[in-house]
Every structure is written in C-alpha cells, then in structure tokens.
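Shown next: input.cif, given as mmCIF, C-alpha atoms.
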data_work
#
loop_
_atom_site.label_atom_id
_atom_site.label_comp_id
_atom_site.auth_asym_id
_atom_site.auth_seq_id
_atom_site.Cartn_x
_atom_site.Cartn_y
_atom_site.Cartn_z
CA MET A 352 -4.15 36.33 -3.41
CA VAL A 353 -6.21 34.62 -0.77
CA ARG A 354 -6.13 36.65 2.36
CA LYS A 355 -6.45 34.32 5.26
CA GLU A 356 -5.24 35.77 8.51
CA THR A 357 -2.01 33.88 8.47
CA GLY A 358 0.73 36.18 7.18
CA SER A 359 3.65 37.22 9.34
CA GLU A 360 3.04 40.87 8.39
CA LYS A 361 2.55 43.39 11.13
CA THR A 362 -1.10 43.41 12.09
CA LEU A 363 -2.58 46.52 13.57
CA SER A 364 -5.33 46.80 16.14
CA LEU A 365 -8.24 49.18 15.69
CA MET A 366 -6.80 51.65 18.16
CA ASP A 367 -3.44 51.56 16.34
CA MET A 368 -5.27 52.83 13.28
CA LEU A 369 -7.79 55.20 14.87
CA LYS A 370 -6.20 58.10 16.71
CA ARG A 371 -7.97 60.71 18.79
CA GLU A 372 -6.91 63.48 16.41
CA ALA A 373 -8.55 61.66 13.48
CA ILE A 374 -12.09 62.22 14.78
CA ARG A 375 -14.34 65.18 14.00
CA VAL A 376 -17.96 65.86 14.94
CA GLY A 377 -20.52 68.37 13.67
CA VAL A 378 -18.83 68.74 10.29
CA LYS A 379 -20.83 70.70 7.74
CA ALA A 380 -20.89 69.18 4.26
CA THR A 381 -22.97 70.35 1.32
CA ASP A 382 -23.14 66.92 -0.38
CA TRP A 383 -21.41 63.52 -0.38
CA LYS A 384 -18.43 64.75 -2.39
CA ASP A 385 -17.89 67.59 0.04
CA ALA A 386 -18.12 65.12 2.95
CA VAL A 387 -15.55 62.77 1.39
CA ARG A 388 -13.31 65.74 0.56
CA LYS A 389 -13.43 66.89 4.17
CA ILE A 390 -12.52 63.51 5.59
CA GLY A 391 -9.79 63.32 2.94
CA GLU A 392 -8.40 66.62 4.21
CA LEU A 393 -8.41 65.14 7.69
CA LEU A 394 -6.40 62.14 6.43
CA VAL A 395 -3.87 64.55 4.91
CA GLU A 396 -3.75 66.55 8.13
CA ILE A 397 -2.88 63.51 10.24
CA GLY A 398 -0.24 62.42 7.74
CA ALA A 399 -2.07 59.27 6.61
CA ALA A 400 -2.56 60.15 2.95
CA GLU A 401 -1.59 62.50 0.15
CA PRO A 402 -4.19 64.94 -1.23
CA ARG A 403 -4.65 62.75 -4.33
CA TYR A 404 -6.07 60.00 -2.06
CA THR A 405 -9.11 62.24 -1.52
CA GLU A 406 -9.83 62.48 -5.24
CA ALA A 407 -9.33 58.71 -5.57
CA MET A 408 -11.95 58.09 -2.85
CA ILE A 409 -14.42 60.29 -4.74
CA LYS A 410 -13.58 58.61 -8.04
CA THR A 411 -14.18 55.19 -6.45
CA VAL A 412 -17.75 56.12 -5.54
CA ILE A 413 -18.43 57.58 -9.00
CA GLU A 414 -17.00 54.59 -10.87
CA MET A 415 -18.06 51.74 -8.66
CA GLY A 416 -21.24 53.02 -7.10
CA PRO A 417 -22.20 53.86 -3.55
CA TYR A 418 -21.42 50.42 -2.16
CA ILE A 419 -19.09 52.13 0.33
CA VAL A 420 -22.23 52.97 2.31
CA ILE A 421 -21.78 49.90 4.46
CA ALA A 422 -24.77 50.20 6.79
CA LYS A 423 -27.66 52.52 7.52
CA GLY A 424 -26.16 56.01 7.65
CA ILE A 425 -22.51 54.87 7.62
CA ALA A 426 -20.04 55.22 4.74
CA LEU A 427 -16.53 53.78 4.50
CA PRO A 428 -14.72 55.87 1.90
CA HIS A 429 -11.39 54.40 0.77
CA ALA A 430 -9.12 54.08 -2.25
CA ARG A 431 -6.32 51.78 -3.33
CA PRO A 432 -2.98 51.91 -1.48
CA GLU A 433 -1.17 53.13 -4.61
CA GLU A 434 -3.47 56.14 -4.89
CA GLY A 435 -1.65 58.17 -2.26
CA ALA A 436 -1.85 56.15 0.95
CA LYS A 437 1.00 56.96 3.36
CA LYS A 438 0.24 54.94 6.50
CA PRO A 439 -2.57 52.65 7.66
CA ALA A 440 -5.20 54.75 9.40
CA LEU A 441 -8.86 55.31 10.07
CA ALA A 442 -10.64 58.63 10.46
CA VAL A 443 -14.15 59.21 11.74
CA MET A 444 -16.32 62.19 10.85
CA LYS A 445 -19.85 62.90 12.02
CA LEU A 446 -21.82 65.29 9.86
CA ALA A 447 -23.99 68.11 11.16
CA THR A 448 -26.52 67.29 8.43
CA PRO A 449 -26.73 63.89 6.66
CA VAL A 450 -25.90 63.65 2.94
CA GLU A 451 -27.15 61.33 0.19
CA PHE A 452 -24.66 59.02 -1.52
CA GLY A 453 -27.22 57.47 -3.85
CA ASN A 454 -27.37 54.20 -1.94
CA PRO A 455 -30.98 52.98 -2.10
CA ASP A 456 -30.82 51.05 1.17
CA ASN A 457 -28.58 52.99 3.51
CA ASP A 458 -28.92 56.71 2.73
CA PRO A 459 -28.72 59.31 4.18
CA VAL A 460 -25.24 59.16 5.67
CA ASP A 461 -24.21 60.98 8.82
CA ILE A 462 -21.14 58.96 9.84
CA LEU A 463 -18.05 58.59 7.64
CA ILE A 464 -15.24 56.22 8.51
CA ALA A 465 -12.33 56.68 6.09
CA LEU A 466 -9.86 53.85 5.60
CA VAL A 467 -6.26 54.13 4.48
CA ALA A 468 -4.53 50.81 3.86
CA THR A 469 -0.99 50.47 2.58
CA ASP A 470 -1.26 46.80 1.62
CA ASN A 471 -3.79 43.98 1.63
CA LYS A 472 -3.16 42.64 5.09
CA SER A 473 -1.96 45.00 7.82
CA HIS A 474 -5.40 46.59 8.36
CA VAL A 475 -7.45 43.36 8.32
CA LYS A 476 -7.52 42.82 12.09
CA ALA A 477 -8.49 46.45 12.76
CA LEU A 478 -11.25 46.33 10.18
CA ALA A 479 -12.58 43.07 11.59
CA GLN A 480 -12.67 44.69 15.02
CA LEU A 481 -14.52 47.66 13.54
CA ALA A 482 -17.02 45.27 11.96
CA LYS A 483 -17.64 43.50 15.27
CA ILE A 484 -18.24 46.84 16.98
CA LEU A 485 -20.68 48.01 14.30
CA MET A 486 -22.54 44.67 14.40
CA LYS A 487 -23.92 45.79 17.75
CA PRO A 488 -26.59 48.43 17.00
CA GLN A 489 -26.15 49.95 20.45
CA ASN A 490 -22.57 50.92 19.55
CA ILE A 491 -23.73 52.76 16.44
CA GLU A 492 -26.29 54.58 18.56
CA LYS A 493 -23.56 55.60 21.01
CA ILE A 494 -21.39 56.93 18.17
CA ARG A 495 -24.41 58.88 16.86
CA ASN A 496 -25.11 60.33 20.29
CA ALA A 497 -21.50 61.30 21.05
CA LYS A 498 -21.10 65.07 21.18
CA THR A 499 -17.31 65.44 21.05
CA PRO A 500 -14.40 63.65 19.34
CA ASP A 501 -13.29 62.38 22.75
CA GLU A 502 -16.72 60.84 23.35
CA VAL A 503 -16.56 59.11 19.97
CA TYR A 504 -13.07 57.84 20.75
CA ASP A 505 -14.23 56.48 24.10
CA VAL A 506 -17.13 54.63 22.45
CA PHE A 507 -14.62 52.76 20.27
CA VAL A 508 -12.24 52.05 23.17
CA ASN A 509 -15.04 50.70 25.37
CA ALA A 510 -16.74 48.75 22.57
CA LEU A 511 -13.44 47.14 21.63
CA ARG A 512 -12.94 46.01 25.20
CA GLU A 513 -16.34 44.28 25.07
CA ILE A 514 -15.59 42.25 21.97
CA GLN A 515 -12.21 41.00 23.16
CA MET B 570 -27.49 11.39 11.36
CA VAL B 571 -25.39 13.06 8.71
CA ILE B 572 -21.74 13.61 9.42
CA PHE B 573 -19.97 16.41 7.60
CA VAL B 574 -16.24 16.31 7.31
CA LYS B 575 -16.04 18.95 4.61
CA LYS B 576 -16.15 22.59 5.48
CA ILE B 577 -18.35 24.88 3.42
CA LYS B 578 -16.20 27.38 1.60
CA ILE B 579 -17.58 30.89 1.57
CA VAL B 580 -15.86 33.72 -0.28
CA THR B 581 -16.66 37.37 0.34
CA VAL B 582 -16.09 39.67 -2.61
CA CYS B 583 -15.86 43.42 -3.07
CA GLN B 584 -14.36 45.71 -5.71
CA PHE B 585 -10.89 46.15 -4.16
CA GLY B 586 -10.77 43.14 -1.87
CA MET B 587 -9.52 45.18 1.07
CA GLY B 588 -12.34 47.21 2.60
CA THR B 589 -15.93 46.07 2.61
CA THR B 590 -14.99 42.45 1.91
CA ILE B 591 -13.28 42.35 5.32
CA LEU B 592 -16.47 43.59 6.95
CA MET B 593 -18.47 40.91 5.12
CA MET B 594 -15.93 38.22 6.02
CA THR B 595 -16.14 39.17 9.70
CA LEU B 596 -19.95 39.16 9.58
CA VAL B 597 -20.15 35.76 7.87
CA LYS B 598 -17.57 34.22 10.22
CA GLU B 599 -19.57 35.40 13.21
CA ILE B 600 -22.84 34.07 11.79
CA CYS B 601 -21.26 30.68 11.02
CA ALA B 602 -19.84 30.46 14.54
CA GLU B 603 -23.22 31.27 16.08
CA GLU B 604 -25.19 28.93 13.83
CA GLY B 605 -22.72 26.08 14.09
CA ILE B 606 -22.03 26.09 10.35
CA PRO B 607 -18.63 24.50 9.63
CA ALA B 608 -17.19 27.04 7.24
CA GLU B 609 -13.99 28.39 5.83
CA VAL B 610 -14.54 32.07 5.09
CA TYR B 611 -12.10 34.13 3.08
CA ALA B 612 -11.96 37.51 1.37
CA GLU B 613 -11.24 38.29 -2.27
CA ASN B 614 -11.59 41.05 -4.84
CA ILE B 615 -13.81 40.90 -7.91
CA ASP B 616 -10.98 40.51 -10.43
CA THR B 617 -9.66 37.40 -8.70
CA VAL B 618 -12.98 35.56 -8.68
CA ARG B 619 -14.45 36.74 -11.98
CA GLY B 620 -13.20 33.81 -14.05
CA HIS B 621 -13.23 31.03 -11.52
CA VAL B 622 -14.26 30.72 -7.91
CA ASP B 623 -13.19 27.94 -5.62
CA ALA B 624 -16.00 28.39 -3.10
CA ASP B 625 -19.44 26.92 -2.42
CA ILE B 626 -21.12 30.25 -1.70
CA ILE B 627 -20.32 33.80 -2.78
CA VAL B 628 -21.16 36.72 -0.50
CA THR B 629 -20.94 40.20 -2.00
CA ASN B 630 -22.42 43.68 -2.11
CA ALA B 631 -25.61 44.40 -4.02
CA ALA B 632 -23.69 46.10 -6.86
CA LEU B 633 -21.69 42.99 -7.74
CA VAL B 634 -24.42 40.34 -7.55
CA LYS B 635 -25.16 40.42 -11.29
CA GLN B 636 -21.48 39.99 -12.24
CA LEU B 637 -21.09 36.99 -9.97
CA GLU B 638 -24.29 35.12 -10.75
CA GLY B 639 -22.85 33.41 -13.81
CA LEU B 640 -20.37 31.33 -11.82
CA GLY B 641 -22.86 28.61 -10.94
CA LYS B 642 -22.71 29.22 -7.20
CA PRO B 643 -25.34 30.69 -4.90
CA VAL B 644 -24.71 34.42 -4.55
CA VAL B 645 -25.67 36.28 -1.38
CA GLY B 646 -26.05 40.03 -1.97
CA LEU B 647 -25.80 42.17 1.13
CA GLU B 648 -26.95 45.77 1.48
CA ASP B 649 -25.86 46.20 5.08
CA PHE B 650 -22.54 44.63 6.09
CA VAL B 651 -23.12 44.79 9.83
CA ASN B 652 -26.74 43.60 9.93
CA LYS B 653 -26.38 40.08 11.24
CA GLU B 654 -30.05 39.06 11.14
CA ALA B 655 -30.56 40.04 7.48
CA ALA B 656 -27.33 38.33 6.42
CA LYS B 657 -28.14 35.19 8.43
CA LYS B 658 -31.45 34.79 6.62
CA LYS B 659 -29.81 35.17 3.19
CA LEU B 660 -26.94 32.84 4.07
CA TRP B 661 -29.40 30.12 5.06
CA GLU B 662 -31.25 30.57 1.77
CA ALA B 663 -27.95 29.95 -0.05
CA LEU B 664 -27.18 26.91 2.12
CA GLU B 665 -30.63 25.51 1.36
CA LYS B 666 -29.92 25.84 -2.37
CA LEU B 667 -26.96 23.54 -1.77
CA GLY B 668 -29.18 21.08 0.05
CA TYR B 669 -28.22 21.91 3.62
CA THR B 670 -30.68 22.42 6.46
CA LYS B 671 -30.18 23.30 10.12
CA GLU B 672 -30.25 19.57 10.86
CA SER B 673 -27.26 19.09 8.57
CA PHE B 674 -24.98 20.68 11.14
CA GLU B 675 -26.37 19.22 14.32
CA SER B 676 -24.03 16.77 15.93
#
Representation of the structure as structure tokens:
Amino acid sequence: MVRKETGSEKTLSLMDMLKREAIRVGVKATDWKDAVRKIGELLVEIGAAEPRYTEAMIKTVIEMGPYIVIAKGIALPHARPEEGAKKPALAVMKLATPVEFGNPDNDPVDILIALVATDNKSHVKALAQLAKILMKPQNIEKIRNAKTPDEVYDVFVNALREIQ
Amino acid sequence: MVIFVKKIKIVTVCQFGMGTTILMMTLVKEICAEEGIPAEVYAENIDTVRGHVDADIIVTNAALVKQLEGLGKPVVGLEDFVNKEAAKKKLWEALEKLGYTKESFES
C-alpha cells in the first residue's frame, strides 16, 4: 500500500474539495469536542459525511491522541473513509474562542480544517496543496485575520495561485 | 568528491496513512528539493511499517516516535507539520546519523 502519486484515480485539487459553503467563521465552541462536533455538522450539511463521521473524528482524537493538531493553533480532524464518509471534502471553521485539544506543542486551536476522504488517493493532491499553503506563515496569518467565509475562501484561492 | 547514485528513502508515517502523513510527505519533499537531498519520499500508515520498513529514515508525529524507534532506522518526530525550519533541522540530524553531511550532496 505504498501511495506514490502515480495511480490513474481521479485526483482532486484543493478547490475541488473546499467549497465556499464549507467555511464558517466566529463559531462558538465550549471545548474541543464541541468544536469537532460543529465542524462535523457542517460536513453533514454540505453532504460530505454522515453524522457518524463526527463521532468517529472525536473517537480518533480520544484513542490516538491530539496529533491531529498539525501546527500551532490548527487542527485537522478526520476519520477513516468507512466511518461515514460520503464524498471527498474539506471544511474550514474559525473559532470565536480557541480551545485546548491537549496537544503540548500546538494548543490552543482556533482553526479547524476537517478532512473527508473516500479512499487513500483521491485527496492526496489537495492535501499536498493545503500543506504548501500552510507552510507559508503569512498564509496562516491571513486565514486568522479573515473576517468572513468569503475572505477565508479568497485566501485559499490566492495562496493556491502562488504555489502553482 | 563523493557521487551518490542511490536515493535516500524517506517514509512518512501517521496513524491512518491518509491525513497528516500527506502533510509530512509534502513538507519533507519540499525540504529535500530545497536542500538538494536526493530522496524518494512516500507516505504510509503505522500498521504497514510496524513490522518492517523499507526506508532509510522514518518521519512521523511525536505520538508515534516510541513505536517506530525499534526498527533500527533514524526516526524524526515532528510536532508541527508545516514548520519547515524545525523539520529541516531534525531531518539533517537523521541524515548525519547515517553518515551524510551537506557536502555529500554537492555536485
């Protein structure tokens, strides 16, 4: 199961996976579970996942630890495809108040990027593009400073243009 | 002058092999390109590599470092998967354990 980027499977670009309607800002969450639940509800709303996917994302953090906090203040909640994924998608949620995931290096978290993958390959290109965008600290700052979902969306569109 | 024909194999490992490992793979590929390190970088999940790993260096998240240290390969544990400078420093430490220096890759 070596995943080199060679398969003939359909590969999706970041903007194929991240739609305008999958972005929320100023979301109030009481703790990390509440935050993951809310982004899970958003995934259900956009038709990307079943409600059980949300519980699977929470279970992943509990069982495997807060390694989904991928960078300072940024979490990437996700679960396995068979746990209720319906279509490959990303959702972005900015919290009104940061929450603690229990990650010693990267807490507290104020940006959640939820991933839904339906197999091992189709999302790889999009995720690599996301990584390249987040590798530039100025892009993270722009996402943090964005006031509306449209502003967040535009940060991704513009940042993607720069890396291509 | 040392001539390297062999690429250094670097595997990135996370719990599922589909999320954070892709971020780590992208980060390591970019670092290798910038530093001129001839490398083949690929992504795996923990279950695939637990028994046997066909790579020279293992890159993973901090939570999995302990589980992967017994494989006899240098293990790079990352806390931040988009922090290039921190990862670059750790990757060089692993390369040095294998006997490589910056001069190794100068043509």
Within 12 Å of Lys658 (chain B), counting all atoms listed in the file, which residues qualify if same-chain residues fewer than 5 places away don't, as a PyMOL selection string? chain B and resi 597+600-601+604+645-647+652-653+663-665
Would you tabulate, counting all atoms listed in the file, all residues of chain A that have an atom at most 10 Å from an atom of chain B, showing the closest pair of atoms and their distance in Å to one decimal, sorted by chain then ascending number, as a Markdown table?
| residue | atom | partner | partner_atom | distance |
| --- | --- | --- | --- | --- |
| A:Met352 | CA | B:Glu613 | CA | 7.4 |
| A:Val353 | CA | B:Glu613 | CA | 6.4 |
| A:Arg354 | CA | B:Ala612 | CA | 6.0 |
| A:Lys355 | CA | B:Tyr611 | CA | 6.1 |
| A:Glu356 | CA | B:Tyr611 | CA | 8.9 |
| A:Thr411 | CA | B:Gln584 | CA | 9.5 |
| A:Met415 | CA | B:Gln584 | CA | 7.7 |
| A:Gly416 | CA | B:Ala632 | CA | 7.3 |
| A:Pro417 | CA | B:Ala632 | CA | 8.6 |
| A:Tyr418 | CA | B:Ala632 | CA | 6.8 |
| A:Ile419 | CA | B:Thr589 | CA | 7.2 |
| A:Val420 | CA | B:Asp649 | CA | 8.2 |
| A:Ile421 | CA | B:Asp649 | CA | 5.5 |
| A:Ala422 | CA | B:Asp649 | CA | 4.5 |
| A:Lys423 | CA | B:Asp649 | CA | 7.0 |
| A:Ile425 | CA | B:Asp649 | CA | 9.6 |
| A:Leu427 | CA | B:Thr589 | CA | 8.0 |
| A:Pro428 | CA | B:Gly588 | CA | 9.0 |
| A:His429 | CA | B:Gly588 | CA | 7.5 |
| A:Ala430 | CA | B:Phe585 | CA | 8.3 |
| A:Arg431 | CA | B:Phe585 | CA | 7.3 |
| A:Pro432 | CA | B:Met587 | CA | 9.7 |
| A:Asn454 | CA | B:Glu648 | CA | 9.1 |
| A:Pro455 | CA | B:Glu648 | CA | 9.0 |
| A:Asp456 | CA | B:Glu648 | CA | 6.6 |
| A:Asn457 | CA | B:Asp649 | CA | 7.5 |
| A:Leu466 | CA | B:Gly588 | CA | 7.7 |
| A:Val467 | CA | B:Gly588 | CA | 9.4 |
| A:Ala468 | CA | B:Met587 | CA | 8.0 |
| A:Asp470 | CA | B:Met587 | CA | 8.4 |
| A:Asn471 | CA | B:Met587 | CA | 5.9 |
| A:Lys472 | CA | B:Met587 | CA | 7.9 |
| A:His474 | CA | B:Met587 | CA | 8.5 |
| A:Val475 | CA | B:Ile591 | CA | 6.6 |
| A:Lys476 | CA | B:Ile591 | CA | 8.9 |
| A:Ala477 | CA | B:Ile591 | CA | 9.8 |
| A:Leu478 | CA | B:Ile591 | CA | 6.6 |
| A:Ala479 | CA | B:Thr595 | CA | 5.6 |
| A:Gln480 | CA | B:Thr595 | CA | 8.4 |
| A:Leu481 | CA | B:Leu592 | CA | 8.0 |
| A:Ala482 | CA | B:Leu592 | CA | 5.3 |
| A:Lys483 | CA | B:Thr595 | CA | 7.2 |
| A:Ile484 | CA | B:Val651 | CA | 8.9 |
| A:Leu485 | CA | B:Val651 | CA | 6.0 |
| A:Met486 | CA | B:Val651 | CA | 4.6 |
| A:Lys487 | CA | B:Val651 | CA | 8.0 |
| A:Pro488 | CA | B:Asn652 | CA | 8.6 |
Can you list, as a VMD selection string, the residues that the PyMOL selection byres ((chain A and resi 492-509) around 8) selects here? chain A and resid 366 370 to 371 374 to 376 445 462 484 488 to 491 510 to 513
From CA of Gly391 (chain A) to CA of Ser473 (chain A) the spacing works out at 20.5 Å
In Å, how far is it from CA of Val628 (chain B) to CA of Val450 (chain A)? 27.6 Å
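As for CA of Thr469 (chain A) and CA of Ala436 (chain A), they are spaced 6.0 Å apart.
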Six-sided padding of 6 Å per side, axis-aligned box over region 630-645 of chain B, centre and edges in Å, one decimal, as JSON:
{"center_x": -23.0, "center_y": 37.4, "center_z": -7.6, "size_x": 17.3, "size_y": 29.5, "size_z": 24.4}
Could region 629-646 of chain B be completed with N, CA and C atoms and returned as an mmCIF file, in the frame of the given file?
data_model
loop_
_atom_site.group_PDB
_atom_site.id
_atom_site.type_symbol
_atom_site.label_atom_id
_atom_site.label_comp_id
_atom_site.auth_asym_id
_atom_site.auth_seq_id
_atom_site.Cartn_x
_atom_site.Cartn_y
_atom_site.Cartn_z
ATOM 1 N N THR B 629 -21.454 38.962 -1.421
ATOM 2 C CA THR B 629 -20.940 40.200 -2.000
ATOM 3 C C THR B 629 -21.898 41.354 -1.747
ATOM 4 N N ASN B 630 -21.517 42.540 -2.251
ATOM 5 C CA ASN B 630 -22.420 43.680 -2.110
ATOM 6 C C ASN B 630 -23.422 43.695 -3.261
ATOM 7 N N ALA B 631 -24.500 44.431 -3.065
ATOM 8 C CA ALA B 631 -25.610 44.400 -4.020
ATOM 9 C C ALA B 631 -25.153 44.766 -5.433
ATOM 10 N N ALA B 632 -24.143 45.630 -5.543
ATOM 11 C CA ALA B 632 -23.690 46.100 -6.860
ATOM 12 C C ALA B 632 -23.019 45.007 -7.679
ATOM 13 N N LEU B 633 -22.456 44.006 -7.028
ATOM 14 C CA LEU B 633 -21.690 42.990 -7.740
ATOM 15 C C LEU B 633 -22.454 41.685 -7.976
ATOM 16 N N VAL B 634 -23.664 41.596 -7.456
ATOM 17 C CA VAL B 634 -24.420 40.340 -7.550
ATOM 18 C C VAL B 634 -24.539 39.864 -8.994
ATOM 19 N N LYS B 635 -24.955 40.786 -9.880
ATOM 20 C CA LYS B 635 -25.160 40.420 -11.290
ATOM 21 C C LYS B 635 -23.890 39.822 -11.914
ATOM 22 N N GLN B 636 -22.748 40.446 -11.654
ATOM 23 C CA GLN B 636 -21.480 39.990 -12.240
ATOM 24 C C GLN B 636 -21.070 38.615 -11.749
ATOM 25 N N LEU B 637 -21.553 38.232 -10.570
ATOM 26 C CA LEU B 637 -21.090 36.990 -9.970
ATOM 27 C C LEU B 637 -22.082 35.838 -10.122
ATOM 28 N N GLU B 638 -23.262 36.160 -10.656
ATOM 29 C CA GLU B 638 -24.290 35.120 -10.750
ATOM 30 C C GLU B 638 -23.986 34.041 -11.789
ATOM 31 N N GLY B 639 -23.133 34.363 -12.748
ATOM 32 C CA GLY B 639 -22.850 33.410 -13.810
ATOM 33 C C GLY B 639 -21.873 32.303 -13.450
ATOM 34 N N LEU B 640 -21.408 32.286 -12.205
ATOM 35 C CA LEU B 640 -20.370 31.330 -11.820
ATOM 36 C C LEU B 640 -20.924 29.984 -11.333
ATOM 37 N N GLY B 641 -22.257 29.878 -11.321
ATOM 38 C CA GLY B 641 -22.860 28.610 -10.940
ATOM 39 C C GLY B 641 -22.882 28.336 -9.449
ATOM 40 N N LYS B 642 -22.681 29.370 -8.659
ATOM 41 C CA LYS B 642 -22.710 29.220 -7.200
ATOM 42 C C LYS B 642 -23.770 30.157 -6.625
ATOM 43 N N PRO B 643 -24.391 29.765 -5.514
ATOM 44 C CA PRO B 643 -25.340 30.690 -4.900
ATOM 45 C C PRO B 643 -24.636 31.996 -4.522
ATOM 46 N N VAL B 644 -25.284 33.107 -4.853
ATOM 47 C CA VAL B 644 -24.710 34.420 -4.550
ATOM 48 C C VAL B 644 -25.597 35.122 -3.508
ATOM 49 N N VAL B 645 -24.972 35.536 -2.428
ATOM 50 C CA VAL B 645 -25.670 36.280 -1.380
ATOM 51 C C VAL B 645 -25.305 37.753 -1.556
ATOM 52 N N GLY B 646 -26.297 38.599 -1.825
ATOM 53 C CA GLY B 646 -26.050 40.030 -1.970
ATOM 54 C C GLY B 646 -26.456 40.768 -0.711
#
